[in-house]
$ cat upload_15.txt   # compact mmCIF, C-alpha atoms (C1' of nucleotides)
# COMPACT_ATOMS: atom_id res chain seq x y z
CA MET A 1 -25.92 -13.12 -4.28
CA ASN A 2 -25.32 -13.31 -8.02
CA ALA A 3 -28.62 -13.69 -9.87
CA ASP A 4 -29.92 -10.38 -8.58
CA LYS A 5 -29.91 -8.27 -11.72
CA PRO A 6 -29.85 -9.42 -15.34
CA LEU A 7 -26.86 -7.42 -16.63
CA ARG A 8 -27.49 -5.29 -19.68
CA ALA A 9 -25.87 -6.53 -22.90
CA ASP A 10 -23.04 -4.00 -23.09
CA ALA A 11 -22.40 -4.35 -19.38
CA ARG A 12 -21.84 -8.06 -19.68
CA ARG A 13 -19.53 -7.49 -22.64
CA LYS A 14 -17.35 -5.02 -20.76
CA ARG A 15 -17.29 -7.21 -17.72
CA GLU A 16 -16.05 -10.13 -19.80
CA ALA A 17 -13.39 -7.95 -21.40
CA LEU A 18 -12.13 -6.94 -17.99
CA LEU A 19 -12.01 -10.49 -16.75
CA ALA A 20 -10.25 -11.67 -19.89
CA THR A 21 -7.60 -8.99 -19.55
CA ALA A 22 -7.18 -9.70 -15.87
CA ARG A 23 -6.69 -13.38 -16.58
CA GLU A 24 -3.92 -12.62 -19.06
CA VAL A 25 -2.20 -10.32 -16.64
CA PHE A 26 -2.50 -12.93 -13.93
CA ASP A 27 -0.81 -15.51 -16.06
CA ALA A 28 1.92 -13.02 -16.83
CA GLY A 29 2.39 -12.66 -13.10
CA SER A 30 2.09 -8.90 -13.04
CA PHE A 31 -1.39 -8.54 -11.64
CA PHE A 32 -0.38 -7.09 -8.31
CA ASP A 33 2.26 -4.80 -9.77
CA LEU A 34 0.07 -3.11 -12.34
CA ARG A 35 -1.70 0.20 -11.81
CA PHE A 36 -5.32 -0.63 -11.29
CA ASP A 37 -6.47 2.01 -13.75
CA ASP A 38 -4.45 0.34 -16.47
CA PHE A 39 -6.72 -2.66 -16.53
CA ALA A 40 -9.32 -0.30 -17.87
CA ARG A 41 -7.12 0.95 -20.69
CA LEU A 42 -5.86 -2.56 -21.44
CA ALA A 43 -9.37 -3.91 -21.64
CA GLY A 44 -10.56 -0.99 -23.71
CA VAL A 45 -12.84 0.27 -21.00
CA GLY A 46 -13.16 3.48 -18.99
CA THR A 47 -11.95 3.64 -15.42
CA GLY A 48 -15.45 4.37 -14.19
CA THR A 49 -16.66 1.15 -15.74
CA LEU A 50 -13.83 -0.79 -14.16
CA TYR A 51 -14.72 0.53 -10.74
CA ARG A 52 -18.42 -0.09 -11.18
CA HIS A 53 -17.81 -3.74 -11.97
CA PHE A 54 -14.97 -4.33 -9.53
CA PRO A 55 -14.74 -1.82 -6.72
CA THR A 56 -11.31 -3.02 -5.66
CA ARG A 57 -8.35 -4.91 -6.98
CA GLU A 58 -9.21 -7.71 -4.61
CA ALA A 59 -12.72 -7.96 -6.01
CA LEU A 60 -11.27 -8.42 -9.48
CA ALA A 61 -8.77 -10.98 -8.24
CA GLU A 62 -11.52 -12.90 -6.57
CA ALA A 63 -13.67 -12.84 -9.68
CA VAL A 64 -10.80 -14.14 -11.79
CA TYR A 65 -10.21 -17.00 -9.44
CA HIS A 66 -13.80 -17.57 -8.55
CA GLY A 67 -13.97 -20.48 -10.91
CA GLU A 68 -10.68 -21.94 -9.85
CA VAL A 69 -11.57 -21.75 -6.18
CA ALA A 70 -14.95 -23.28 -6.88
CA THR A 71 -13.17 -26.09 -8.68
CA LEU A 72 -10.99 -26.68 -5.65
CA CYS A 73 -14.08 -26.86 -3.48
CA ASP A 74 -15.79 -29.27 -5.83
CA ARG A 75 -12.69 -31.37 -5.83
CA ALA A 76 -12.81 -31.44 -2.06
CA ARG A 77 -16.40 -32.67 -2.09
CA GLN A 78 -15.64 -35.24 -4.73
CA LEU A 79 -12.64 -36.61 -2.88
CA GLN A 80 -14.72 -36.76 0.25
CA ALA A 81 -17.33 -38.80 -1.56
CA THR A 82 -14.95 -41.32 -3.08
CA LEU A 83 -12.07 -41.79 -0.67
CA PRO A 84 -11.65 -42.67 2.99
CA ALA A 85 -11.80 -39.39 4.88
CA ALA A 86 -8.16 -39.29 5.91
CA GLU A 87 -7.01 -39.98 2.40
CA ALA A 88 -9.37 -37.40 1.00
CA LEU A 89 -7.89 -34.77 3.28
CA ALA A 90 -4.33 -35.72 2.39
CA THR A 91 -5.03 -35.77 -1.32
CA PHE A 92 -6.76 -32.44 -1.17
CA LEU A 93 -3.93 -30.71 0.67
CA ARG A 94 -1.31 -32.14 -1.66
CA GLY A 95 -3.45 -31.01 -4.56
CA MET A 96 -3.63 -27.50 -3.14
CA VAL A 97 0.13 -27.28 -3.18
CA ASP A 98 0.17 -28.49 -6.77
CA HIS A 99 -2.35 -25.88 -7.79
CA ILE A 100 -0.56 -23.07 -6.07
CA ASP A 101 2.70 -24.21 -7.55
CA ALA A 102 1.24 -24.25 -11.03
CA HIS A 103 -0.44 -20.86 -10.83
CA GLN A 104 1.59 -17.83 -9.78
CA GLY A 105 -1.50 -15.75 -9.37
CA LEU A 106 -3.49 -18.16 -7.26
CA ALA A 107 -0.96 -18.06 -4.47
CA ARG A 108 -0.97 -14.29 -4.39
CA THR A 109 -4.72 -14.18 -4.63
CA LEU A 110 -5.31 -16.56 -1.79
CA ALA A 111 -2.79 -14.76 0.38
CA THR A 112 -4.38 -11.44 -0.43
CA LEU A 113 -7.96 -12.55 0.01
CA TRP A 114 -7.08 -14.13 3.29
CA ALA A 115 -5.05 -11.23 4.60
CA ASP A 116 -7.72 -8.75 3.59
CA ARG A 117 -8.57 -7.22 6.93
CA SER A 118 -11.55 -5.38 5.52
CA GLY A 119 -14.02 -7.42 7.50
CA ALA A 120 -16.18 -8.95 4.81
CA LEU A 121 -14.29 -12.13 4.06
CA ALA A 122 -14.47 -12.85 0.36
CA GLU A 123 -16.86 -15.49 -0.82
CA GLY A 124 -14.13 -17.68 -2.25
CA SER A 125 -12.21 -17.57 0.96
CA ARG A 126 -15.22 -18.64 2.96
CA ALA A 127 -16.02 -21.44 0.56
CA LEU A 128 -12.51 -22.80 0.68
CA GLU A 129 -12.46 -22.70 4.44
CA GLN A 130 -15.77 -24.51 4.58
CA ALA A 131 -14.45 -27.23 2.29
CA VAL A 132 -11.42 -27.75 4.48
CA THR A 133 -13.54 -27.75 7.60
CA ASP A 134 -15.76 -30.43 6.11
CA LEU A 135 -12.83 -32.59 5.12
CA VAL A 136 -11.35 -32.41 8.57
CA ALA A 137 -14.67 -33.03 10.27
CA ALA A 138 -15.24 -36.14 8.18
CA ALA A 139 -11.80 -37.47 9.05
CA VAL A 140 -12.46 -36.83 12.71
CA ARG A 141 -15.75 -38.69 12.52
CA ASP A 142 -13.86 -41.55 10.93
CA GLY A 143 -11.51 -41.63 13.85
CA ALA A 144 -8.58 -41.12 11.51
CA VAL A 145 -7.83 -37.67 12.80
CA ARG A 146 -7.62 -36.31 16.32
CA ASP A 147 -10.59 -34.30 17.50
CA ASP A 148 -8.77 -31.76 19.65
CA VAL A 149 -7.63 -29.40 16.93
CA ASP A 150 -9.59 -26.92 14.89
CA ALA A 151 -9.73 -26.93 11.11
CA GLY A 152 -8.80 -23.27 11.30
CA ALA A 153 -5.31 -24.43 12.15
CA VAL A 154 -5.08 -26.09 8.77
CA MET A 155 -6.27 -22.90 7.11
CA MET A 156 -3.61 -20.92 8.92
CA ALA A 157 -0.95 -23.24 7.65
CA LEU A 158 -2.32 -23.07 4.12
CA HIS A 159 -2.17 -19.33 4.33
CA GLY A 160 1.44 -19.51 5.36
CA ILE A 161 2.10 -21.66 2.33
CA SER A 162 0.38 -19.28 -0.07
CA ALA A 163 1.94 -16.18 1.35
CA ALA A 164 5.46 -17.55 1.12
CA HIS A 165 5.13 -18.54 -2.50
CA ASP A 166 8.23 -16.70 -3.62
CA ARG A 167 10.67 -18.35 -1.25
CA PRO A 168 13.58 -20.02 -3.01
CA GLY A 169 12.84 -23.53 -1.80
CA TRP A 170 9.10 -23.03 -1.73
CA ARG A 171 7.92 -26.28 -3.22
CA ALA A 172 9.87 -28.52 -0.90
CA GLU A 173 8.98 -26.49 2.15
CA ALA A 174 5.32 -26.38 1.22
CA ASP A 175 5.26 -30.14 0.85
CA ASP A 176 6.93 -30.40 4.22
CA VAL A 177 4.29 -28.26 5.86
CA VAL A 178 1.60 -30.56 4.52
CA THR A 179 3.51 -33.59 5.71
CA LEU A 180 3.83 -32.14 9.17
CA LEU A 181 0.16 -31.24 9.27
CA LEU A 182 -0.97 -34.66 8.16
CA ASP A 183 1.33 -36.53 10.53
CA GLY A 184 0.36 -34.17 13.30
CA LEU A 185 -3.30 -34.72 12.62
CA ARG A 186 -3.13 -38.48 12.96
CA ARG A 187 -4.45 -39.58 16.29
CA PRO A 188 -1.41 -39.47 18.61
CA LEU A 189 -0.50 -42.89 20.03
CA MET B 1 26.06 -2.84 9.26
CA ASN B 2 25.19 -0.48 12.09
CA ALA B 3 28.38 1.05 13.50
CA ASP B 4 29.24 2.71 10.23
CA LYS B 5 28.76 6.37 11.06
CA PRO B 6 28.71 8.00 14.50
CA LEU B 7 25.35 9.81 14.30
CA ARG B 8 25.43 13.49 15.07
CA ALA B 9 23.83 14.54 18.36
CA ASP B 10 20.64 16.04 16.96
CA ALA B 11 20.27 13.16 14.54
CA ARG B 12 20.32 10.66 17.36
CA ARG B 13 17.79 12.73 19.28
CA LYS B 14 15.33 12.88 16.38
CA ARG B 15 15.79 9.21 15.69
CA GLU B 16 14.94 8.40 19.28
CA ALA B 17 11.90 10.65 19.17
CA LEU B 18 10.64 8.82 16.10
CA LEU B 19 11.17 5.43 17.65
CA ALA B 20 9.48 6.49 20.88
CA THR B 21 6.46 7.76 19.00
CA ALA B 22 6.32 4.67 16.85
CA ARG B 23 6.41 2.47 19.92
CA GLU B 24 3.43 4.30 21.42
CA VAL B 25 1.48 4.01 18.22
CA PHE B 26 2.31 0.33 18.02
CA ASP B 27 0.97 -0.27 21.47
CA ALA B 28 -2.15 1.63 20.53
CA GLY B 29 -2.50 -0.77 17.61
CA SER B 30 -2.80 1.92 14.97
CA PHE B 31 0.65 1.72 13.45
CA PHE B 32 -0.43 0.32 10.12
CA ASP B 33 -3.47 2.57 9.82
CA LEU B 34 -1.71 5.86 10.38
CA ARG B 35 -0.47 8.13 7.62
CA PHE B 36 3.26 7.71 7.53
CA ASP B 37 3.87 11.46 7.44
CA ASP B 38 2.00 11.84 10.68
CA PHE B 39 4.72 10.07 12.60
CA ALA B 40 6.83 13.04 11.72
CA ARG B 41 4.34 15.55 13.08
CA LEU B 42 3.62 13.41 16.13
CA ALA B 43 7.29 13.09 16.91
CA GLY B 44 7.90 16.79 16.32
CA VAL B 45 10.06 16.13 13.28
CA GLY B 46 9.94 17.09 9.62
CA THR B 47 8.88 14.59 7.01
CA GLY B 48 12.26 14.78 5.34
CA THR B 49 13.90 13.74 8.56
CA LEU B 50 11.52 10.85 8.99
CA TYR B 51 12.34 9.55 5.53
CA ARG B 52 16.07 9.97 5.99
CA HIS B 53 16.02 7.83 9.11
CA PHE B 54 13.44 5.31 7.97
CA PRO B 55 12.93 5.11 4.24
CA THR B 56 9.79 3.01 4.56
CA ARG B 57 7.12 2.14 7.05
CA GLU B 58 8.54 -1.35 7.19
CA ALA B 59 11.97 -0.04 8.10
CA LEU B 60 10.45 1.79 11.04
CA ALA B 61 8.47 -1.25 12.08
CA GLU B 62 11.57 -3.35 11.97
CA ALA B 63 13.53 -0.84 14.03
CA VAL B 64 10.81 -0.74 16.66
CA TYR B 65 10.77 -4.49 16.94
CA HIS B 66 14.45 -4.99 16.44
CA GLY B 67 14.96 -5.38 20.14
CA GLU B 68 11.98 -7.62 20.62
CA VAL B 69 13.03 -9.91 17.79
CA ALA B 70 16.55 -10.01 19.13
CA THR B 71 15.11 -11.01 22.48
CA LEU B 72 13.21 -13.84 20.85
CA CYS B 73 16.42 -15.02 19.23
CA ASP B 74 18.33 -14.84 22.48
CA ARG B 75 15.59 -16.77 24.12
CA ALA B 76 15.93 -19.43 21.46
CA ARG B 77 19.64 -19.75 22.11
CA GLN B 78 19.11 -19.83 25.85
CA LEU B 79 16.46 -22.54 25.63
CA GLN B 80 18.71 -24.51 23.35
CA ALA B 81 21.49 -24.31 25.92
CA THR B 82 19.42 -25.39 28.90
CA LEU B 83 16.80 -27.82 27.68
CA PRO B 84 16.71 -31.03 25.69
CA ALA B 85 16.49 -30.01 22.05
CA ALA B 86 12.93 -31.17 21.44
CA GLU B 87 11.71 -29.41 24.55
CA ALA B 88 13.58 -26.26 23.61
CA LEU B 89 11.86 -26.20 20.24
CA ALA B 90 8.45 -26.78 21.74
CA THR B 91 8.92 -24.15 24.40
CA PHE B 92 10.14 -21.64 21.88
CA LEU B 93 7.21 -22.12 19.54
CA ARG B 94 4.70 -21.90 22.37
CA GLY B 95 6.47 -18.76 23.53
CA MET B 96 6.22 -17.26 20.08
CA VAL B 97 2.46 -17.61 20.17
CA ASP B 98 2.39 -15.99 23.60
CA HIS B 99 4.45 -13.08 22.36
CA ILE B 100 2.37 -12.54 19.29
CA ASP B 101 -0.77 -12.80 21.35
CA ALA B 102 0.47 -10.21 23.81
CA HIS B 103 1.66 -7.71 21.23
CA GLN B 104 -0.76 -6.60 18.52
CA GLY B 105 2.01 -4.94 16.60
CA LEU B 106 4.45 -7.80 16.61
CA ALA B 107 2.10 -10.04 14.68
CA ARG B 108 1.56 -7.42 12.02
CA THR B 109 5.22 -6.62 11.87
CA LEU B 110 6.33 -10.19 11.44
CA ALA B 111 3.70 -10.80 8.80
CA THR B 112 4.73 -7.64 6.99
CA LEU B 113 8.45 -8.21 7.20
CA TRP B 114 8.00 -11.72 6.01
CA ALA B 115 5.65 -10.89 3.17
CA ASP B 116 7.85 -8.04 2.00
CA ARG B 117 8.64 -9.15 -1.51
CA SER B 118 11.21 -6.42 -1.98
CA GLY B 119 14.07 -8.85 -2.12
CA ALA B 120 16.27 -7.70 0.73
CA LEU B 121 14.85 -9.75 3.56
CA ALA B 122 14.93 -7.68 6.74
CA GLU B 123 17.62 -8.39 9.26
CA GLY B 124 15.17 -9.35 11.97
CA SER B 125 13.46 -11.79 9.70
CA ARG B 126 16.71 -13.49 8.82
CA ALA B 127 17.77 -13.69 12.45
CA LEU B 128 14.51 -15.26 13.51
CA GLU B 129 14.67 -17.80 10.75
CA GLN B 130 18.22 -18.69 11.71
CA ALA B 131 17.16 -19.21 15.31
CA VAL B 132 14.37 -21.55 14.28
CA THR B 133 16.65 -23.40 11.93
CA ASP B 134 19.16 -23.95 14.71
CA LEU B 135 16.51 -25.21 17.10
CA VAL B 136 15.22 -27.69 14.58
CA ALA B 137 18.70 -28.81 13.59
CA ALA B 138 19.59 -29.50 17.20
CA ALA B 139 16.45 -31.53 17.70
CA VAL B 140 17.21 -33.51 14.60
CA ARG B 141 20.74 -34.23 15.83
CA ASP B 142 19.20 -35.42 19.08
CA GLY B 143 17.06 -37.84 17.17
CA ALA B 144 13.97 -36.29 18.67
CA VAL B 145 12.78 -34.86 15.39
CA ARG B 146 12.58 -36.36 11.93
CA ASP B 147 15.29 -35.31 9.52
CA ASP B 148 13.26 -35.27 6.34
CA VAL B 149 11.61 -31.89 6.72
CA ASP B 150 13.08 -28.45 6.34
CA ALA B 151 12.99 -25.82 9.07
CA GLY B 152 11.56 -23.50 6.45
CA ALA B 153 8.31 -25.40 6.84
CA VAL B 154 8.14 -24.29 10.44
CA MET B 155 8.75 -20.70 9.37
CA MET B 156 5.94 -20.94 6.85
CA ALA B 157 3.57 -22.10 9.52
CA LEU B 158 4.70 -19.33 11.86
CA HIS B 159 4.03 -16.85 9.15
CA GLY B 160 0.55 -18.21 8.73
CA ILE B 161 0.01 -17.74 12.43
CA SER B 162 1.23 -14.15 12.41
CA ALA B 163 -0.68 -13.16 9.35
CA ALA B 164 -3.97 -14.49 10.67
CA HIS B 165 -3.71 -12.63 13.93
CA ASP B 166 -7.12 -11.01 13.65
CA ARG B 167 -9.15 -14.17 13.21
CA PRO B 168 -11.88 -14.57 15.80
CA GLY B 169 -10.56 -17.78 17.33
CA TRP B 170 -6.94 -16.92 16.72
CA ARG B 171 -5.39 -18.02 19.98
CA ALA B 172 -6.87 -21.49 19.97
CA GLU B 173 -6.08 -22.04 16.31
CA ALA B 174 -2.55 -20.78 16.69
CA ASP B 175 -1.95 -23.17 19.56
CA ASP B 176 -3.38 -25.93 17.42
CA VAL B 177 -0.99 -25.18 14.60
CA VAL B 178 1.93 -25.47 16.98
CA THR B 179 0.55 -28.71 18.35
CA LEU B 180 0.24 -30.13 14.86
CA LEU B 181 3.74 -29.03 13.97
CA LEU B 182 5.29 -30.53 17.06
CA ASP B 183 3.43 -33.81 16.78
CA GLY B 184 4.20 -33.92 13.10
CA LEU B 185 7.86 -33.30 13.75
CA ARG B 186 8.27 -36.22 16.12
CA ARG B 187 9.90 -39.13 14.39
CA PRO B 188 7.00 -41.09 12.86
CA LEU B 189 6.71 -44.62 14.29
C1' DG C 1 -39.64 5.08 -32.15
C1' DA C 2 -39.68 7.65 -27.99
C1' DA C 3 -39.20 7.52 -23.11
C1' DA C 4 -37.10 5.36 -19.26
C1' DA C 5 -33.63 2.79 -17.43
C1' DT C 6 -29.02 1.43 -17.47
C1' DA C 7 -24.20 1.84 -18.48
C1' DT C 8 -20.11 4.31 -20.24
C1' DG C 9 -15.65 6.88 -20.03
C1' DG C 10 -12.31 9.90 -18.79
C1' DA C 11 -11.36 14.48 -16.84
C1' DG C 12 -10.28 15.88 -12.60
C1' DG C 13 -10.41 15.67 -7.31
C1' DT C 14 -8.23 13.60 -3.29
C1' DC C 15 -4.79 11.95 -0.68
C1' DA C 16 -0.61 9.38 0.92
C1' DT C 17 4.09 9.08 -0.39
C1' DC C 18 8.41 10.87 -1.15
C1' DT C 19 12.01 14.55 -2.88
C1' DC C 20 14.51 18.63 -2.87
C1' DC C 21 17.09 22.27 -1.14
C1' DA C 22 17.48 26.71 1.45
C1' DT C 23 18.29 26.97 6.20
C1' DT C 24 19.75 25.50 10.75
C1' DT C 25 22.57 22.92 13.90
C1' DG C 26 26.59 20.53 15.38
C1' DT C 27 31.63 19.53 15.20
C1' DC C 28 36.32 20.47 15.20
C1' DA C 29 40.70 22.70 14.37
C1' DA C 30 43.14 26.73 15.15
C1' DT D 1 35.95 31.61 21.19
C1' DT D 2 35.36 31.54 16.53
C1' DG D 3 35.16 30.47 11.80
C1' DA D 4 34.46 27.10 8.43
C1' DC D 5 32.94 22.83 7.02
C1' DA D 6 29.95 18.90 7.36
C1' DA D 7 25.77 16.95 8.75
C1' DA D 8 21.05 17.24 9.49
C1' DT D 9 16.59 19.54 9.34
C1' DG D 10 11.78 20.53 7.82
C1' DG D 11 8.10 21.43 5.11
C1' DA D 12 6.42 23.05 0.57
C1' DG D 13 5.31 20.93 -3.31
C1' DA D 14 5.94 17.25 -7.07
C1' DT D 15 4.37 12.73 -8.02
C1' DG D 16 1.31 9.25 -8.99
C1' DA D 17 -2.24 5.87 -7.63
C1' DC D 18 -6.94 5.59 -6.56
C1' DC D 19 -11.57 6.75 -7.06
C1' DT D 20 -15.86 9.87 -8.17
C1' DC D 21 -18.87 12.30 -10.81
C1' DC D 22 -21.83 13.32 -14.44
C1' DA D 23 -22.73 14.59 -19.34
C1' DT D 24 -23.20 11.43 -22.90
C1' DA D 25 -24.25 7.03 -25.07
C1' DT D 26 -26.48 2.53 -25.38
C1' DT D 27 -30.14 -0.79 -24.38
C1' DT D 28 -34.59 -2.05 -23.17
C1' DT D 29 -39.41 -1.39 -22.83
C1' DC D 30 -43.93 -0.11 -24.17
$ encode --input "upload_15.txt" --output "structure tokens"
Amino acid sequence: MNADKPLRADARRKREALLATAREVFDAGSFFDLRFDDFARLAGVGTGTLYRHFPTREALAEAVYHGEVATLCDRARQLQATLPAAEALATFLRGMVDHIDAHQGLARTLATLWADRSGALAEGSRALEQAVTDLVAAAVRDGAVRDDVDAGAVMMALHGISAAHDRPGWRAEADDVVTLLLDGLRRPL
Amino acid sequence: MNADKPLRADARRKREALLATAREVFDAGSFFDLRFDDFARLAGVGTGTLYRHFPTREALAEAVYHGEVATLCDRARQLQATLPAAEALATFLRGMVDHIDAHQGLARTLATLWADRSGALAEGSRALEQAVTDLVAAAVRDGAVRDDVDAGAVMMALHGISAAHDRPGWRAEADDVVTLLLDGLRRPL
DNA sequence: GAAAATATGGAGGTCATCTCCATTTGTCAA
DNA sequence: TTGACAAATGGAGATGACCTCCATATTTTC
């Protein structure tokens, strides 16, 4: 869905400028507070161009974190290949919390992408869910994890974690959620 | 924070009209899609009046569900008084899923109230969190639940459940989350 | 190097949100 | 009852974010 059209030279340049600006704003933590049009001005680009490249704020957010989400997915696959399934799952979930903790914007982005009721679930969101589903499935096959719960439950919990990122005691609570999930997932008895 | 001023007669009437209309719209499931001004017209009230009574859409949502949330809290206290702590917690969480499942609007409202980053956490949200905290604390005192996790973790998970209300397999996944939480909460070993 | 294809930018349209205040309605003391 | 004061109303219009449109500019192609 990406290699469709070879972007024209200036188009690619503007696109990069927009992404670069968006990344900065993300790191500053003001991405979701800023007028969308202002990205255009900030990036030295017209509003029309902004909208042609990224029809919505969410599209831009997803593009910014496309790489990061892909990295998370790769990490999931890598863990799955090198660790016992149960441990891979645990490590991945703990790592998710680390990532979210380290990056203001990622938490917001995940929460937003996920909560986006506009039908077409973003690519990154799908990919992440697939990675989690695979991890859980492998652990189930291993017999390390019960087989009567859906991986979607884990996604729901992750969403809760992302969405609550600005709670005072977030980090501790987030770790607790993961602990509960993992202990709950172990085959009962 | 409520018995401050004895509302004038017409004020109370308009307020009721707004709430009644909002309740209908909630049940129809279109609360969050409707132009806010239209509540005014629908309720036979001017926009100014709408905004004086409910400064934001969230304020109206909270008012509509104030009773329902209070009921949930009462239910928590009642369960706590009549059942062993662990069972009270389990029953309450299962009941939450039932409630959310039965009422379109409640899920959205809880997710919205919770996600509202505007600092002042809504009254209903606070109350609900307190109820959950009490339930967990009681179960911990009983020795039925581990003491190394915060009740906030349970709230996070509940939020995830509410926010994901429109997933295809929501009900099953939501039940799974609760199962994981409860099994995870039992004292390990 | 000219035509065709592609992309730009920003002025202006659209629309939900919210404010303001001239008018209406309710309350209460005399 | 009535007059006077306070409280509340409603809806026109300001505000401001979002998005579209298209005349112009840039790139590519032949």
$ interface_residues --input "upload_15.txt" --of "chain C" --to "chain B" --cutoff "10 Å" --atoms "all atoms listed in the file" --output "number ranges by chain"
C: 16-20, 25-27
$ closest_residue --input "upload_15.txt" --among "D:DA8, D:DA14, D:DA25, D:DC30" --to "chain A" --atoms "all atoms listed in the file"
D:DA25
$ interface_residues --input "upload_15.txt" --of "chain B" --to "chain A" --cutoff "12 Å" --atoms "only C-alpha atoms" --output "PyMOL selection string"
chain B and resi 32-33+108+111-119+121+145-189
$ write_last_selection --input "upload_15.txt" --atoms "C-alpha atoms" --output "compact mmCIF listing (two decimals), in the coordinates of the input"
# COMPACT_ATOMS: atom_id res chain seq x y z
CA PHE B 32 -0.43 0.32 10.12
CA ASP B 33 -3.47 2.57 9.82
CA ARG B 108 1.56 -7.42 12.02
CA ALA B 111 3.70 -10.80 8.80
CA THR B 112 4.73 -7.64 6.99
CA LEU B 113 8.45 -8.21 7.20
CA TRP B 114 8.00 -11.72 6.01
CA ALA B 115 5.65 -10.89 3.17
CA ASP B 116 7.85 -8.04 2.00
CA ARG B 117 8.64 -9.15 -1.51
CA SER B 118 11.21 -6.42 -1.98
CA GLY B 119 14.07 -8.85 -2.12
CA LEU B 121 14.85 -9.75 3.56
CA VAL B 145 12.78 -34.86 15.39
CA ARG B 146 12.58 -36.36 11.93
CA ASP B 147 15.29 -35.31 9.52
CA ASP B 148 13.26 -35.27 6.34
CA VAL B 149 11.61 -31.89 6.72
CA ASP B 150 13.08 -28.45 6.34
CA ALA B 151 12.99 -25.82 9.07
CA GLY B 152 11.56 -23.50 6.45
CA ALA B 153 8.31 -25.40 6.84
CA VAL B 154 8.14 -24.29 10.44
CA MET B 155 8.75 -20.70 9.37
CA MET B 156 5.94 -20.94 6.85
CA ALA B 157 3.57 -22.10 9.52
CA LEU B 158 4.70 -19.33 11.86
CA HIS B 159 4.03 -16.85 9.15
CA GLY B 160 0.55 -18.21 8.73
CA ILE B 161 0.01 -17.74 12.43
CA SER B 162 1.23 -14.15 12.41
CA ALA B 163 -0.68 -13.16 9.35
CA ALA B 164 -3.97 -14.49 10.67
CA HIS B 165 -3.71 -12.63 13.93
CA ASP B 166 -7.12 -11.01 13.65
CA ARG B 167 -9.15 -14.17 13.21
CA PRO B 168 -11.88 -14.57 15.80
CA GLY B 169 -10.56 -17.78 17.33
CA TRP B 170 -6.94 -16.92 16.72
CA ARG B 171 -5.39 -18.02 19.98
CA ALA B 172 -6.87 -21.49 19.97
CA GLU B 173 -6.08 -22.04 16.31
CA ALA B 174 -2.55 -20.78 16.69
CA ASP B 175 -1.95 -23.17 19.56
CA ASP B 176 -3.38 -25.93 17.42
CA VAL B 177 -0.99 -25.18 14.60
CA VAL B 178 1.93 -25.47 16.98
CA THR B 179 0.55 -28.71 18.35
CA LEU B 180 0.24 -30.13 14.86
CA LEU B 181 3.74 -29.03 13.97
CA LEU B 182 5.29 -30.53 17.06
CA ASP B 183 3.43 -33.81 16.78
CA GLY B 184 4.20 -33.92 13.10
CA LEU B 185 7.86 -33.30 13.75
CA ARG B 186 8.27 -36.22 16.12
CA ARG B 187 9.90 -39.13 14.39
CA PRO B 188 7.00 -41.09 12.86
CA LEU B 189 6.71 -44.62 14.29
$ residues_near_point --input "upload_15.txt" --point "(-12.2, -32.5, 2.4)" --cutoff "6 Å" --atoms "all atoms listed in the file" --output "ChimeraX atom specification"
/A:76,80,88-89,131-132,134-135
$ closest_residue --input "upload_15.txt" --among "B:Gln78, B:Thr49, B:Thr133, B:Thr91" --to "chain D" --atoms "all atoms listed in the file"
B:Thr49
